[in-house]
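What follows is one structure encoded as structure tokens, with my remarks underneath.
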Amino acid sequence: MKKNALTNAVIAGIAGVAGIASVANAVNLNPDGLGQVLIYPYYTVNGGNSTLVSVVNTTEFGKAVKVRFVEGRNSREVLDFNLYLSPYDVWTGGVFSLTATGAANLTTNDNSCTVPAIKTNTTLPVNNGLRYVAFRNYQYNNLGVAGYNFSDAGPNGLDRTREGHLEMIEMGIVLNAANGYAEGSLDAITHDGSGVPDNCPQVVAAWAVSSGSADYWSESNGAADVVAPTVENGGGGLFGSAAIVDFANGTQLTYSPDAIDGFTVTRLHKAPGTTSPSLADANFPTASGADATVFDNGSLIQTSHSPANAIDAVSAVYMHDAIFNEYAVLNDSTGTPILASEWVVTFPTKNRYVDKPAPAILPFQNIFAGSPDGAGKAPVDIRISLYNREENNGSSDCLDSSEDGCVDFSPSLPGQVITPQLYWEAQVVTFDQPSAFDATFAITGETLVLGSKLAANVQVGDYGFTEGWMKMRFWDDSDPTMSLHLSRPDAIGQALYRYAGDWFLG
């Protein structure tokens with residue numbers, strides 16, 4: 001199965017343009033799929049699905065990697081841990097659910113060292129013979145302790161953890177410097193002849209302050225055996241894959257994560273149990289800020305950002321003025337769908353611009369706030385242009401659903417003018433699935449392909465279409481403010497299809 005490449009971001013009028021630059025000297029999306037950061041745009045355990053993920057270290061160097069799962073509404077963290085990869089190592093894990101409405105869970109049968117330990121952690125519950133850790137709602141809930149109210153405008157239940165996206169961030173290169181232990185850290189994480197790392201308990205103890213010399217990796221110590229993942233030290237070279245699997249129906253959909261290279265020249269080795277490092281910690285090519293390199297009609301354009309605005313460098317490489325992909329729908333003689341299409345649309349840095357008091361930071365216009373249905377939303381206005389395969393246009397670009405030919409998400413309220421919008425950080429766009437939604441656009445069921453509860457529907461059948469393509473635009477040509485900042489939202493898009501029970505990628 002093949003992943004469609006999206007159109008390169010068109011970056012015009014970005015503040016701080018520094019001219020043409022080498023891709024290697026700035027934050028960039030690596031077309032070879034290798035990098036210091038991997039962004040997996042979607043995981044889900046809805047609709048009977050599980051999500052399998054892997055990460056591969058293609059280098060001869062040991063690596064410390066932050067693994068972070070964030071929920072789909074507002075990208076609040078639901079699980080993270082530290083992963084230590086030996087040279088040429090692979091780590092795999094699976095995200096699953098035990099119930100139809102409970103938390104997502106992570107399990108692994110992989111031997112690579114994690115902190116905290118997962119596979120060998122006897123304090124964790126067991127399912128099918130494997131230890132697992134449940135996703136948490138701490139970062140969007142009121143924990144009832146002074147200073148620990150992290151509630152946002154969204155729901156605070158564990159079912160919010162069931163879909164979202166995943167980040168992996170290289171924190172440093174692991175060496176064999178003196179550390180107070182009998183063996184070096186690189187030796188400890190390196191697999192022996194049996195395929196098991198030599199001493200994962202030592203790696204766990206290195207963060208456990210209660211075990212004497214074991215706080216060696218605490219942030220105050222600045223351990224010498226984890227160094228900055230620069231090119232000279234062997235930084236980068238990570239790639240991965242993911243698969244959304246419906247075991248009951250025997251279907252599997254695979255995709256590759258986006259790889260960000262040139263992310264950092266400093267050590268980002270942070271303790272497990274913290275929300276650091278993050279995508280906002282970009283610093284490349286120097287520690288005094290972050291540059292980003294993007295393509296504009298074949299030219300390389302570099303933008304420069306201060307440390308306080310380093311997230312803008314990551315946003316820059318993801319910005320799109322539009323995304324394009326195909327759709328196809330087909331029902332049998334009884335009206336039962338036998339071919340369904342869904343797009344996944346993820347804004348991997350949106351949280352940093354909208355999860356704050358008003359106003360939102362451009363290019364986003366709305367903060368994550370409450371809504372009448374209590375769902376919590378940060379709407380992004382979009383334009384939709386819809387075509388069938390015979391060049392017929394069912395719509396024109398529009399922001400106002402009252403315009404002639406405008407396509408709006410369904411169902412529409414009679415006589416009400418509604419701007420088409422995407423509400424969340426990671427969501428699904430469906431085609432001809434109105435039964436999953438009520439008249440206020442709230443999803444009341446699950447989508448047919450991914451089982452998503454964060455979705456919006458385009459009713460292509462209203463235009464007599466069953467197959468074709470769609471353009472989704474993210475900005476307004478007439479808005480003069482859009483040239484004052486990062487001028488287009490960051491976005492990742494992917495089309496998925498299900499035909500008579502089988503899945504395939506578009």
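Ligands are numbered from 1 in the order shown, chains are lettered A, B, ... in the order of the structure tokens, and residues start at 1 in each chain.
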
Which polymer residues have any atom within 7 Å of an atom of Gln427 of chain A, counting only C-alpha atoms, with same-chain residues fewer than 6 positions away left out, as a list of chain:residue names? A:Gly72, A:Val344, A:Val345, A:Thr346, A:Leu454, A:Ala455

Residues of segment 37-81 of chain A within 12 Å of segment 192-211 of chain A: nearest atom pair and distance (Å, one decimal) for each, counting only C-alpha atoms, sorted by chain and number, as CSV?
residue,atom,partner,partner_atom,distance
A:Gly62,CA,A:Pro197,CA,11.8
A:Ala64,CA,A:Val203,CA,10.8
A:Phe81,CA,A:Val204,CA,11.2

Pick out each residue of segment 17-159 of chain A that DSSP on the backbone tags as strand (DSSP E or B); I need them as a PyMOL selection string. chain A and resi 17+27-29+35+37-44+50-57+62-71+77-85+90-97+104-107+113-115+126-127+130-134+142+149

Go through A:Gly48, A:Gly237, A:Gly468, A:Pro434 and flag the residue nearest Gly451 of chain A, using only C-alpha atoms for the distances. A:Gly48

To one decimal in Å, tell me the separation between atom CA of Asn121 of chain A and atom CA of Asn82 of chain A.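 The value is 14.5 Å.
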
Contacts of segment 169-181 of chain A within 8 Å, only C-alpha atoms, excl. fewer than 2 positions in-chain, as JSON, numbers by chain: {"A": [36, 37, 38, 61, 62, 63, 64, 65, 66, 67, 167, 183, 184, 185, 186, 187, 213, 216, 223, 224, 225, 226, 227, 228, 229, 233, 234, 235, 236, 267, 268, 269, 270, 277, 278, 279]}

Saved selection, atoms kept: N, CA and C atoms, as a tab-separated table (two decimals), in the first residue's frame:
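Written file, part.tsv:
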chain	number	residue	atom	x	y	z
A	36	GLN	N	15.19	13.19	13.12
A	36	GLN	CA	15.30	13.24	14.58
A	36	GLN	C	13.93	13.17	15.25
A	37	VAL	N	12.90	13.55	14.53
A	37	VAL	CA	11.53	13.55	15.05
A	37	VAL	C	10.64	12.80	14.07
A	38	LEU	N	9.76	11.97	14.59
A	38	LEU	CA	8.77	11.28	13.78
A	38	LEU	C	7.37	11.69	14.25
A	61	PHE	N	24.65	4.29	16.48
A	61	PHE	CA	24.71	4.99	17.76
A	61	PHE	C	23.48	4.66	18.61
A	62	GLY	N	23.69	4.60	19.92
A	62	GLY	CA	22.57	4.44	20.83
A	62	GLY	C	21.78	5.74	20.94
A	63	LYS	N	20.47	5.63	21.12
A	63	LYS	CA	19.63	6.83	21.11
A	63	LYS	C	18.63	6.82	22.26
A	64	ALA	N	18.43	8.00	22.83
A	64	ALA	CA	17.37	8.23	23.81
A	64	ALA	C	16.23	8.96	23.09
A	65	VAL	N	15.03	8.39	23.15
A	65	VAL	CA	13.89	8.90	22.38
A	65	VAL	C	12.70	9.09	23.30
A	66	LYS	N	12.06	10.24	23.20
A	66	LYS	CA	10.80	10.48	23.90
A	66	LYS	C	9.66	9.97	23.02
A	67	VAL	N	8.82	9.10	23.58
A	67	VAL	CA	7.63	8.60	22.88
A	67	VAL	C	6.42	9.25	23.54
A	167	GLU	N	4.02	11.35	18.70
A	167	GLU	CA	5.31	11.99	18.41
A	167	GLU	C	6.44	11.14	18.98
A	183	GLU	N	28.78	-0.66	34.47
A	183	GLU	CA	28.83	-0.72	33.01
A	183	GLU	C	28.30	0.57	32.42
A	184	GLY	N	28.78	0.90	31.23
A	184	GLY	CA	28.35	2.11	30.56
A	184	GLY	C	26.91	2.01	30.09
A	185	SER	N	26.28	3.17	29.91
A	185	SER	CA	24.87	3.19	29.53
A	185	SER	C	24.64	2.60	28.15
A	186	LEU	N	25.56	2.84	27.20
A	186	LEU	CA	25.40	2.26	25.88
A	186	LEU	C	25.45	0.74	25.95
A	187	ASP	N	26.39	0.21	26.72
A	187	ASP	CA	26.45	-1.25	26.89
A	187	ASP	C	25.17	-1.77	27.53
A	213	SER	N	23.11	6.28	43.72
A	213	SER	CA	23.71	6.87	42.53
A	213	SER	C	22.76	6.85	41.34
A	216	TYR	N	21.57	9.48	38.45
A	216	TYR	CA	22.61	9.93	37.54
A	216	TYR	C	22.05	10.69	36.34
A	223	ALA	N	24.18	14.42	32.87
A	223	ALA	CA	24.99	13.22	32.64
A	223	ALA	C	25.79	13.30	31.35
A	224	ALA	N	27.05	12.90	31.45
A	224	ALA	CA	27.96	13.01	30.31
A	224	ALA	C	27.77	11.90	29.30
A	225	ASP	N	27.02	10.85	29.64
A	225	ASP	CA	26.91	9.73	28.70
A	225	ASP	C	25.68	9.84	27.80
A	226	VAL	N	24.99	10.97	27.81
A	226	VAL	CA	23.97	11.29	26.81
A	226	VAL	C	24.31	12.67	26.27
A	227	VAL	N	24.66	12.74	25.00
A	227	VAL	CA	25.11	13.99	24.40
A	227	VAL	C	24.13	14.45	23.34
A	228	ALA	N	24.28	15.68	22.90
A	228	ALA	CA	23.38	16.27	21.91
A	228	ALA	C	23.36	15.43	20.63
A	229	PRO	N	22.18	15.23	20.03
A	229	PRO	CA	22.08	14.42	18.82
A	229	PRO	C	22.42	15.21	17.56
A	233	ASN	N	27.55	13.81	16.07
A	233	ASN	CA	27.42	12.77	17.10
A	233	ASN	C	26.58	11.58	16.65
A	234	GLY	N	25.99	11.67	15.47
A	234	GLY	CA	25.17	10.56	14.97
A	234	GLY	C	23.69	10.78	15.12
A	235	GLY	N	23.25	12.03	15.23
A	235	GLY	CA	21.83	12.32	15.38
A	235	GLY	C	21.04	12.03	14.13
A	236	GLY	N	19.74	11.81	14.31
A	236	GLY	CA	18.86	11.52	13.19
A	236	GLY	C	18.87	10.05	12.83
A	267	ARG	N	21.23	18.81	23.76
A	267	ARG	CA	20.74	17.63	24.46
A	267	ARG	C	19.36	17.94	25.04
A	268	LEU	N	18.39	17.08	24.75
A	268	LEU	CA	17.02	17.26	25.23
A	268	LEU	C	16.61	16.12	26.15
A	269	HIS	N	17.59	15.48	26.78
A	269	HIS	CA	17.32	14.28	27.58
A	269	HIS	C	16.57	14.67	28.86
A	270	LYS	N	15.27	14.47	28.87
A	270	LYS	CA	14.42	14.87	29.99
A	270	LYS	C	13.87	13.63	30.69
A	277	PRO	N	10.95	16.63	26.36
A	277	PRO	CA	10.90	17.74	25.42
A	277	PRO	C	9.65	17.67	24.55
A	278	SER	N	9.40	18.76	23.82
A	278	SER	CA	8.25	18.83	22.94
A	278	SER	C	8.68	19.41	21.60
A	279	LEU	N	7.73	19.53	20.68
A	279	LEU	CA	8.03	20.11	19.38
A	279	LEU	C	8.41	21.58	19.50

Test item: residues at most 6 Å from segment 329-336 of chain A, only C-alpha atoms, excluding those fewer than 3 positions along its chain, as a ChimeraX atom specification: /A:339-340,466

File of the preceding selection, N, CA and C atoms, as a compact mmCIF listing (two decimals), in the first residue's frame:
# COMPACT_ATOMS: atom_id res chain seq x y z
N LEU A 339 -18.58 0.67 0.01
CA LEU A 339 -17.32 1.37 -0.20
C LEU A 339 -17.42 2.72 0.49
N ALA A 340 -16.51 2.97 1.42
CA ALA A 340 -16.52 4.22 2.18
C ALA A 340 -15.14 4.85 2.14
N THR A 466 -20.29 10.18 -6.81
CA THR A 466 -19.93 8.98 -6.04
C THR A 466 -18.43 8.77 -5.97

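Here atom CA of Tyr387 of chain A stands at a distance of 5.4 Å from atom CA of Trp469 of chain A.
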
Rounded to one decimal, what separation in Å do you get between atom CA of Leu300 of chain A and atom CA of Gly33 of chain A?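 Atom CA of Gly33 of chain A lies 18.9 Å from atom CA of Leu300 of chain A.
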
Please report, as a Markdown table, each residue of segment 116-213 of chain A lying at most 10 Å from segment 73-76 of chain A, together with the nearest pair of atoms and the separation in Å rounded to one decimal; use only C-alpha atoms, and order rows by chain and ascending residue number.
| residue | atom | partner | partner_atom | distance |
| --- | --- | --- | --- | --- |
| A:Asn137 | CA | A:Arg76 | CA | 8.6 |
| A:Tyr138 | CA | A:Arg76 | CA | 9.1 |
| A:Gln139 | CA | A:Arg76 | CA | 6.0 |
| A:Tyr140 | CA | A:Arg76 | CA | 6.5 |
| A:Phe150 | CA | A:Arg76 | CA | 9.5 |
| A:Asp152 | CA | A:Asn74 | CA | 8.6 |
| A:Ala153 | CA | A:Asn74 | CA | 9.2 |
| A:Gly154 | CA | A:Arg73 | CA | 7.5 |
| A:Pro155 | CA | A:Arg73 | CA | 9.3 |
| A:Arg160 | CA | A:Arg73 | CA | 7.8 |
| A:Thr161 | CA | A:Arg73 | CA | 9.3 |
| A:Glu163 | CA | A:Arg73 | CA | 8.7 |
| A:Gly164 | CA | A:Ser75 | CA | 7.4 |
| A:His165 | CA | A:Ser75 | CA | 7.9 |
| A:Leu166 | CA | A:Ser75 | CA | 9.6 |

Mind listing the alpha helix (DSSP H) residues of segment 41-230 of chain A, per DSSP on the backbone, as a list in words?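 Of segment 41-230 of chain A, only Ser185, Leu186, Asp187, Ala188, Ile189, Cys200, Pro201, Gln202, Val203, Val204 and Ala205 of chain A fall in alpha helix (DSSP H).
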